[in-house]
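Below is one structure; the comments refer to it alone.
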Amino acid sequence: MRRMEGISKLTGREKYVDDLAVDGCLWGMTVRSPAPRGRIKEIRFGPGVDWSQFVVVDHRDIPGPNEVYLIEKDQPVLAGAYTRHVHEPVVLLAHASREMCRRAVAEVTVIVEEEPAMLDYRVAPRPDQIQRGTDNLLKRLLIEKGDVERSLASAARVVEGVYETGAQEHVYIENQGMIAWVENGVVTTKGSMQCPYYVVNALKHSLVKDEAHVRVIQTPTGGGFGGKEDYPSHLALHVALLAMKAGRPVKMVYDRDEDMAATTKRHPSLVRHRTGFDSHGRMVAQDIDVLLDGGAYVTLSPVVLSRGIIHAGGPYHCEHVRIDGRTVLTNMVPFGAFRGFGAPQTLFALERHMDVCAEALGMDAVELRRINLIRDGQSTATGQVINDGTDRAAIMDRALDLIDLRGRREAHASFNATHPYLRRGVGFATFWHGAGFTGSGEVVLKSKVHVAGLPDGRIEILTSSTEIGQGTTTIFTKVAAERMGIPYDQVLVPDPDTSRAPNSGPTVASRTAMVVGHLIERACDDLRAKVGLDDTARGDAVTRAIAAWHTAHPGKALRGESEYRKPPGLNWDQDTYKGDAYGTFAWATYAADVEIDTRTWSARVTDFVAVQEIGKVLNETLARGQIQGGVVQGIGWALLEECKWDRGAMKNCQLTNYIIPTSDDVPPIRVEMLENPYAHGAQGAKGIGELPMDGPGPAIANAISSALGVSADTIPITPERLMEMVDHAHAQ
C-alpha cells in the first residue's frame, strides 16, 4: 500500500506551518529569563527600536489564570514576579517584520534578583534551594509485591548496581510553530502538534473560553517524538495572546537554537538495583530505586515516572518486588515527554544490570535471562497475569541466532587479543513495552471516533489523532477501507480540526493504530449498520448504499460512531498501583555489534538486529521504518547525544555541537517482526512506536562492556566518558 501522504512530502508540496502565508500576519517572538531562579525586578525596553510599532504582551494580558492546563497547573503561561528556569518566557513581541522582531527581542532586558538554584537532581537540596514541599518532590510512586527485605536476606546472592542516563533532545525535523487568529469571537490556532485537545484545554483555561469559542487545527507536522505533546499548548497560548491584542493573525516559528534551548527533553535518570538470586540463578527479589530529574515544573513527569517504574522490573518473573520511583524539582529547563516515556531509562538500567548480575553469578547472560523470562500464567510486578501466548524465549533465541552471538563472541575474543588498537564486542537486551495509556488511562480518556458517510459514497475518518511522520493517515485508510470493503481511494483522512473531529485522545503511548484504529473499525461497523449493509456487502454496493442513504435523507449527516470500551477482565487500582497496567505488551530482543577505536575512544555500531512481537503488522514498510528509526534514535542516545548544561540550560543547543547520528553512524539494522494478534487492536495490532527506543541503549552498553571489560553503566558513552571508564577500571 502506498503511503497516503508520501508523494506530497517527497515532492515538497506539503505545507508546514512556516510555509503558510496568512494575509496581514505578524511575526511573534519571545523574551526569556536569563536566570535559573529569582524574582523579576524590572523589564527594560531598550532604545534601539520604535516600540510603538510592536505588540507587547506580558502576564497582565492573560484573561484568565496564568497557568498552563496540564496534569498540574503549576507552570505559568508567562513569568510574572518570579522565574524558575533559564529561558522561561516573560514577554511576547509581535511585528510585521521577522527581522525587526529579532532585533527587538535583543533590546529587552529582564532584570532578575537571583536566588539559589537547584541544578543537580542527584543530591539532596539545601534548605535555601527548596521550592516545593519539604524536599522538592514532584511525584512519588511505589510498586510493592511480596516481602522484598526478607527475600533479599535469604537470597543465595545479592547483586547491586547504579545506572545513569542523560537527557536527550527530540531533534524533530520541523521546529515548533503555531499561527493564531480571532474571527467572530473564536480563537483559532493552527500548527505543528501531537495532541489537539491538549491545546483546546489550555486555551479554554487561560483565555476563559468555552469549547465553542476555541478551535485547534493541526497542520502537517514534521515529527514529534513527544516533544509536540505538551509544548504546543504553551506556544498556542503565546500566539493567541498576541493575536488577541493585535487584532491580527500572528505566527510564531522557533529557530532551531531557540527550540533546542527552551523546549523539553528526555528526563535524566539515576536507577539503583539490588537483586537477589537463588543458587540456580532464579530471581527471588528485586529492589529498584528510580530517580528522575523533572526540571522546574511538573509537565508530564508523573506519567513518565509511572511508565518508568512499571517497566523497571522488565520482562521477568519475580515474586518479591519493590520499585520506588521519584521525580524531583530542579531549576533546569523542564523535562517532558519523549518516545518511550520513562521506560527507556529504567530498561537501560535493568538490562545493563542483568549482564552485571550474570558476571557476578558466573552465569551466561543468555541463560540468566532464559531462566527468569516471564511465562504465561506468571505475574508482573503490579500483579498482572500474563497470558498472551507469546514465546518470549523464542524471540530472544531468534535475535541471538541472527547476530550469531556465540560465533561473534569467539571471533571477537581472538580479534581483541591480536589487534593493536581496535576492540570488538557484542551485546543484547530483552525487554517489553506496554501499549496504550497506563492503567485506567484509556477509560478516563473515553476516546471517540466518527466515520462519516459522504453523499458521493466515500467515507471520511474524523479523529484527533495526528499524522506526525509515523504513518497514521495510511494506517487509518487501510483499516477503514478494509473494514468497509471499499478501495483505499474512497477514504478521506483530513488533518484534525477540533471544530469537526471528536476527541480520540492524544497521539502518544503507542496507542494510535491499536486503540484508535480499533475504534475506527467499530465506527465503520456502526456506519454499515446505519445504511443497512450486511456482512457480505463490498465495493460498489457499499458506496451505493451510502449515496442512497443521503438521497433518502437530504441535508442530514450520516456517520458511524464509537467510544472506547475497556476490554473484559482488565482491572487497575490507581491508589495501590496493582493490577493490569496495560491491555497488552509488545516483546523484543535487540542485539548490537560494536567496534571501539582505543586511540580515540570512539565507539561505533557495526551491526544491529531487532526482533519483536508486535501483534499484527498492519503495514510492513511503516513498521520497519518505525523500528529502524527508533534504533537510530537509540544509538544516538547511547553514544552521541550529550546535553551540556550551563545554569540549568542547554548550552550546546545547535546541531553543530549536539551530535546526532548521520548515515555514516548507522549500521545495517536487520528487522524481524513476529506476529501474535491482539484481539482488541485494529486487525490484531499492538503498539509499536515506542518499543524500539527501549533496546538499543542497553544492548550497545553491554557490547562495549564486553569488548573492554569495563562497566558501561552511564549513557551516552561519549569518547570522553568511555576513556574515563577505562581509566577507572585500570585504577581498580
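Residue numbers start at 1 in each chain; chains themselves are named A, B, ... in the order of the C-alpha cells; ligands are numbered from 1 in the order shown.
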Quick one: everything within 7 Å of A:Val57, counting only C-alpha atoms, minus sequence neighbours fewer than 2 positions away in the same chain. Send it as a count of residues only.
6
Would you return as a PyMOL selection string the members of stretch 358-510 of chain A that DSSP assigns to alpha helix (DSSP H) on this structure's backbone?
chain A and resi 358-361+365-372+392-403+405-418+441-445+472-484
Show which residues sit within 9 Å of A:Asp135, as a ChimeraX atom specification. Count only C-alpha atoms, and ignore same-chain residues fewer than 2 positions away.
/A:124-127,130-133,137,328-329
Restricting it to all heavy atoms, dump the selection as a PDB file, in the first residue's frame.
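Writing the result to selection_24.pdb gives the following:
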ATOM      1  N   ALA A 124      20.619  15.888  47.550  1.00  0.00           N
ATOM      2  CA  ALA A 124      19.514  16.466  48.317  1.00  0.00           C
ATOM      3  C   ALA A 124      19.627  17.983  48.322  1.00  0.00           C
ATOM      4  O   ALA A 124      20.730  18.533  48.418  1.00  0.00           O
ATOM      5  CB  ALA A 124      19.533  15.928  49.738  1.00  0.00           C
ATOM      6  N   PRO A 125      18.503  18.692  48.215  1.00  0.00           N
ATOM      7  CA  PRO A 125      18.565  20.157  48.196  1.00  0.00           C
ATOM      8  C   PRO A 125      18.906  20.735  49.559  1.00  0.00           C
ATOM      9  O   PRO A 125      18.539  20.184  50.596  1.00  0.00           O
ATOM     10  CB  PRO A 125      17.146  20.554  47.774  1.00  0.00           C
ATOM     11  CG  PRO A 125      16.290  19.419  48.233  1.00  0.00           C
ATOM     12  CD  PRO A 125      17.123  18.187  48.084  1.00  0.00           C
ATOM     13  N   ARG A 126      19.630  21.844  49.545  1.00  0.00           N
ATOM     14  CA  ARG A 126      19.824  22.625  50.766  1.00  0.00           C
ATOM     15  C   ARG A 126      18.514  23.330  51.111  1.00  0.00           C
ATOM     16  O   ARG A 126      17.642  23.500  50.247  1.00  0.00           O
ATOM     17  CB  ARG A 126      20.921  23.670  50.564  1.00  0.00           C
ATOM     18  CG  ARG A 126      22.281  23.127  50.164  1.00  0.00           C
ATOM     19  CD  ARG A 126      23.327  24.248  50.250  1.00  0.00           C
ATOM     20  NE  ARG A 126      22.886  25.461  49.586  1.00  0.00           N
ATOM     21  CZ  ARG A 126      23.214  25.798  48.336  1.00  0.00           C
ATOM     22  NH1 ARG A 126      23.959  24.988  47.601  1.00  0.00           N
ATOM     23  NH2 ARG A 126      22.783  26.948  47.821  1.00  0.00           N
ATOM     24  N   PRO A 127      18.350  23.764  52.343  1.00  0.00           N
ATOM     25  CA  PRO A 127      17.098  24.467  52.708  1.00  0.00           C
ATOM     26  C   PRO A 127      16.787  25.659  51.809  1.00  0.00           C
ATOM     27  O   PRO A 127      15.625  25.901  51.481  1.00  0.00           O
ATOM     28  CB  PRO A 127      17.363  24.894  54.159  1.00  0.00           C
ATOM     29  CG  PRO A 127      18.307  23.853  54.687  1.00  0.00           C
ATOM     30  CD  PRO A 127      19.202  23.510  53.524  1.00  0.00           C
ATOM     31  N   ILE A 130      14.997  24.683  48.376  1.00  0.00           N
ATOM     32  CA  ILE A 130      13.700  24.008  48.366  1.00  0.00           C
ATOM     33  C   ILE A 130      12.618  24.968  47.867  1.00  0.00           C
ATOM     34  O   ILE A 130      12.457  26.071  48.385  1.00  0.00           O
ATOM     35  CB  ILE A 130      13.364  23.457  49.760  1.00  0.00           C
ATOM     36  CG1 ILE A 130      14.342  22.322  50.113  1.00  0.00           C
ATOM     37  CG2 ILE A 130      11.924  22.941  49.815  1.00  0.00           C
ATOM     38  CD1 ILE A 130      14.193  21.790  51.511  1.00  0.00           C
ATOM     39  N   GLN A 131      11.864  24.514  46.874  1.00  0.00           N
ATOM     40  CA  GLN A 131      10.828  25.354  46.265  1.00  0.00           C
ATOM     41  C   GLN A 131       9.474  24.663  46.202  1.00  0.00           C
ATOM     42  O   GLN A 131       8.497  25.247  45.714  1.00  0.00           O
ATOM     43  CB  GLN A 131      11.271  25.715  44.836  1.00  0.00           C
ATOM     44  CG  GLN A 131      12.569  26.504  44.809  1.00  0.00           C
ATOM     45  CD  GLN A 131      13.355  26.278  43.537  1.00  0.00           C
ATOM     46  OE1 GLN A 131      12.922  26.697  42.458  1.00  0.00           O
ATOM     47  NE2 GLN A 131      14.500  25.622  43.625  1.00  0.00           N
ATOM     48  N   ARG A 132       9.415  23.427  46.704  1.00  0.00           N
ATOM     49  CA  ARG A 132       8.154  22.686  46.699  1.00  0.00           C
ATOM     50  C   ARG A 132       8.177  21.723  47.880  1.00  0.00           C
ATOM     51  O   ARG A 132       9.073  20.879  47.982  1.00  0.00           O
ATOM     52  CB  ARG A 132       7.984  21.928  45.382  1.00  0.00           C
ATOM     53  CG  ARG A 132       6.684  21.126  45.287  1.00  0.00           C
ATOM     54  CD  ARG A 132       6.625  20.417  43.940  1.00  0.00           C
ATOM     55  NE  ARG A 132       5.528  19.465  43.877  1.00  0.00           N
ATOM     56  CZ  ARG A 132       4.465  19.577  43.097  1.00  0.00           C
ATOM     57  NH1 ARG A 132       4.327  20.622  42.311  1.00  0.00           N
ATOM     58  NH2 ARG A 132       3.541  18.633  43.082  1.00  0.00           N
ATOM     59  N   GLY A 133       7.177  21.838  48.733  1.00  0.00           N
ATOM     60  CA  GLY A 133       7.098  20.962  49.901  1.00  0.00           C
ATOM     61  C   GLY A 133       8.320  21.113  50.779  1.00  0.00           C
ATOM     62  O   GLY A 133       8.857  22.209  50.966  1.00  0.00           O
ATOM     63  N   LEU A 137      10.044  17.400  46.014  1.00  0.00           N
ATOM     64  CA  LEU A 137       9.473  16.224  45.369  1.00  0.00           C
ATOM     65  C   LEU A 137       8.304  16.630  44.478  1.00  0.00           C
ATOM     66  O   LEU A 137       7.367  17.287  44.928  1.00  0.00           O
ATOM     67  CB  LEU A 137       9.007  15.216  46.420  1.00  0.00           C
ATOM     68  CG  LEU A 137       8.484  13.874  45.900  1.00  0.00           C
ATOM     69  CD1 LEU A 137       9.625  13.059  45.307  1.00  0.00           C
ATOM     70  CD2 LEU A 137       7.804  13.097  47.022  1.00  0.00           C
ATOM     71  N   VAL A 328      11.971  14.717  40.953  1.00  0.00           N
ATOM     72  CA  VAL A 328      12.230  15.870  41.811  1.00  0.00           C
ATOM     73  C   VAL A 328      12.336  17.149  40.987  1.00  0.00           C
ATOM     74  O   VAL A 328      12.694  17.132  39.803  1.00  0.00           O
ATOM     75  CB  VAL A 328      13.518  15.667  42.633  1.00  0.00           C
ATOM     76  CG1 VAL A 328      13.345  14.521  43.625  1.00  0.00           C
ATOM     77  CG2 VAL A 328      14.718  15.424  41.733  1.00  0.00           C
ATOM     78  N   LEU A 329      12.016  18.249  41.655  1.00  0.00           N
ATOM     79  CA  LEU A 329      12.108  19.573  41.046  1.00  0.00           C
ATOM     80  C   LEU A 329      13.551  20.058  41.081  1.00  0.00           C
ATOM     81  O   LEU A 329      14.239  19.942  42.098  1.00  0.00           O
ATOM     82  CB  LEU A 329      11.207  20.548  41.792  1.00  0.00           C
ATOM     83  CG  LEU A 329      11.180  22.004  41.323  1.00  0.00           C
ATOM     84  CD1 LEU A 329       9.799  22.598  41.578  1.00  0.00           C
ATOM     85  CD2 LEU A 329      12.244  22.869  42.019  1.00  0.00           C
TER      86      LEU A 329
END
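The protein and nucleic acid residues lying at most 8 Å from A:Gly469 are Thr221, Gly222 and Gly223 of chain A, with only C-alpha atoms considered and sequence neighbours fewer than 5 positions away removed.
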Which residues of stretch 422-498 of chain A come within 7 Å of stretch 701-717 of chain A, and what is each one's closest atom pair and distance in Å (one decimal), counting only C-alpha atoms, sorted by chain and residue number, as a tab-separated table?
residue	atom	partner	partner_atom	distance
A:Arg423	CA	A:Ala707	CA	5.8
A:Arg424	CA	A:Ala707	CA	5.1
A:Gly425	CA	A:Ala707	CA	4.1
A:Val426	CA	A:Ala703	CA	4.3
A:Gly427	CA	A:Ala703	CA	3.9
A:Phe428	CA	A:Asn702	CA	6.7
Which of these, A:Glu169, A:Phe348, A:Val356, A:Arg122, has the shortest distance to A:Arg326 once you count only C-alpha atoms?
A:Arg122
Considering only C-alpha atoms, return as a ChimeraX atom specification whatever protein or nucleic-acid residues lie within 10 Å of stretch 487-489 of chain A, sequence-local ones (same chain, fewer than 3 positions apart) excluded.
/A:1-2,4,458-459,474,476-482,484,492,538-540
Enumerate the residues of stretch 57-274 of chain A with a DSSP assignment of strand (DSSP E), computed from the backbone, and present them as a ChimeraX atom specification.
/A:57,82-83,89-95,108-114,137-145,157-165,177-183,186-191,214-218,250-253,269-274
Counting only C-alpha atoms, the residue among A:Val609, A:Gly276, A:Ile520, A:Glu641 that lies closest to A:Asn657 is A:Glu641
Wanna dump the stretch 335-384 of chain A-stretch 620-631 of chain A contacts at 12 Å for me, each residue with its shortest atom pair and the distance in Å to one decimal, counting only C-alpha atoms, ordered by chain and number, as a tab-separated table?
residue	atom	partner	partner_atom	distance
A:Phe338	CA	A:Gly630	CA	11.7
A:Arg339	CA	A:Gly630	CA	8.6
A:Gly340	CA	A:Gly630	CA	9.8
A:Pro344	CA	A:Gly630	CA	11.3
Put those residues in a file: all heavy atoms, as a PDB file, in the first residue's frame.
ATOM      1  N   PHE A 338       8.986  12.062  25.937  1.00  0.00           N
ATOM      2  CA  PHE A 338       9.914  11.647  24.881  1.00  0.00           C
ATOM      3  C   PHE A 338       9.679  10.169  24.630  1.00  0.00           C
ATOM      4  O   PHE A 338       9.509   9.395  25.562  1.00  0.00           O
ATOM      5  CB  PHE A 338      11.372  11.889  25.293  1.00  0.00           C
ATOM      6  CG  PHE A 338      12.341  11.971  24.140  1.00  0.00           C
ATOM      7  CD1 PHE A 338      13.239  13.021  24.044  1.00  0.00           C
ATOM      8  CD2 PHE A 338      12.373  11.004  23.149  1.00  0.00           C
ATOM      9  CE1 PHE A 338      14.148  13.106  22.990  1.00  0.00           C
ATOM     10  CE2 PHE A 338      13.264  11.083  22.089  1.00  0.00           C
ATOM     11  CZ  PHE A 338      14.153  12.129  22.009  1.00  0.00           C
ATOM     12  N   ARG A 339       9.696   9.801  23.392  1.00  0.00           N
ATOM     13  CA  ARG A 339       9.466   8.436  22.935  1.00  0.00           C
ATOM     14  C   ARG A 339       9.941   7.382  23.963  1.00  0.00           C
ATOM     15  O   ARG A 339      11.113   7.272  24.264  1.00  0.00           O
ATOM     16  CB  ARG A 339      10.221   8.245  21.626  1.00  0.00           C
ATOM     17  CG  ARG A 339       9.961   6.947  20.908  1.00  0.00           C
ATOM     18  CD  ARG A 339      10.777   6.896  19.637  1.00  0.00           C
ATOM     19  NE  ARG A 339      10.252   5.944  18.675  1.00  0.00           N
ATOM     20  CZ  ARG A 339      10.625   5.896  17.399  1.00  0.00           C
ATOM     21  NH1 ARG A 339      11.512   6.754  16.943  1.00  0.00           N
ATOM     22  NH2 ARG A 339      10.109   4.999  16.579  1.00  0.00           N
ATOM     23  N   GLY A 340       8.983   6.628  24.467  1.00  0.00           N
ATOM     24  CA  GLY A 340       9.269   5.606  25.466  1.00  0.00           C
ATOM     25  C   GLY A 340       8.791   5.976  26.857  1.00  0.00           C
ATOM     26  O   GLY A 340       8.538   5.106  27.688  1.00  0.00           O
ATOM     27  N   PRO A 344      12.577   3.705  28.530  1.00  0.00           N
ATOM     28  CA  PRO A 344      13.971   3.551  28.095  1.00  0.00           C
ATOM     29  C   PRO A 344      14.972   3.743  29.232  1.00  0.00           C
ATOM     30  O   PRO A 344      15.995   3.054  29.282  1.00  0.00           O
ATOM     31  CB  PRO A 344      14.127   4.641  27.025  1.00  0.00           C
ATOM     32  CG  PRO A 344      12.752   4.828  26.486  1.00  0.00           C
ATOM     33  CD  PRO A 344      11.850   4.668  27.678  1.00  0.00           C
TER      34      PRO A 344
END
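Minimum atom-to-atom distance to A:Val162, evaluated using only C-alpha atoms, belongs to A:Leu270 out of A:Leu270, A:Cys318, A:Asp50, A:Val491.
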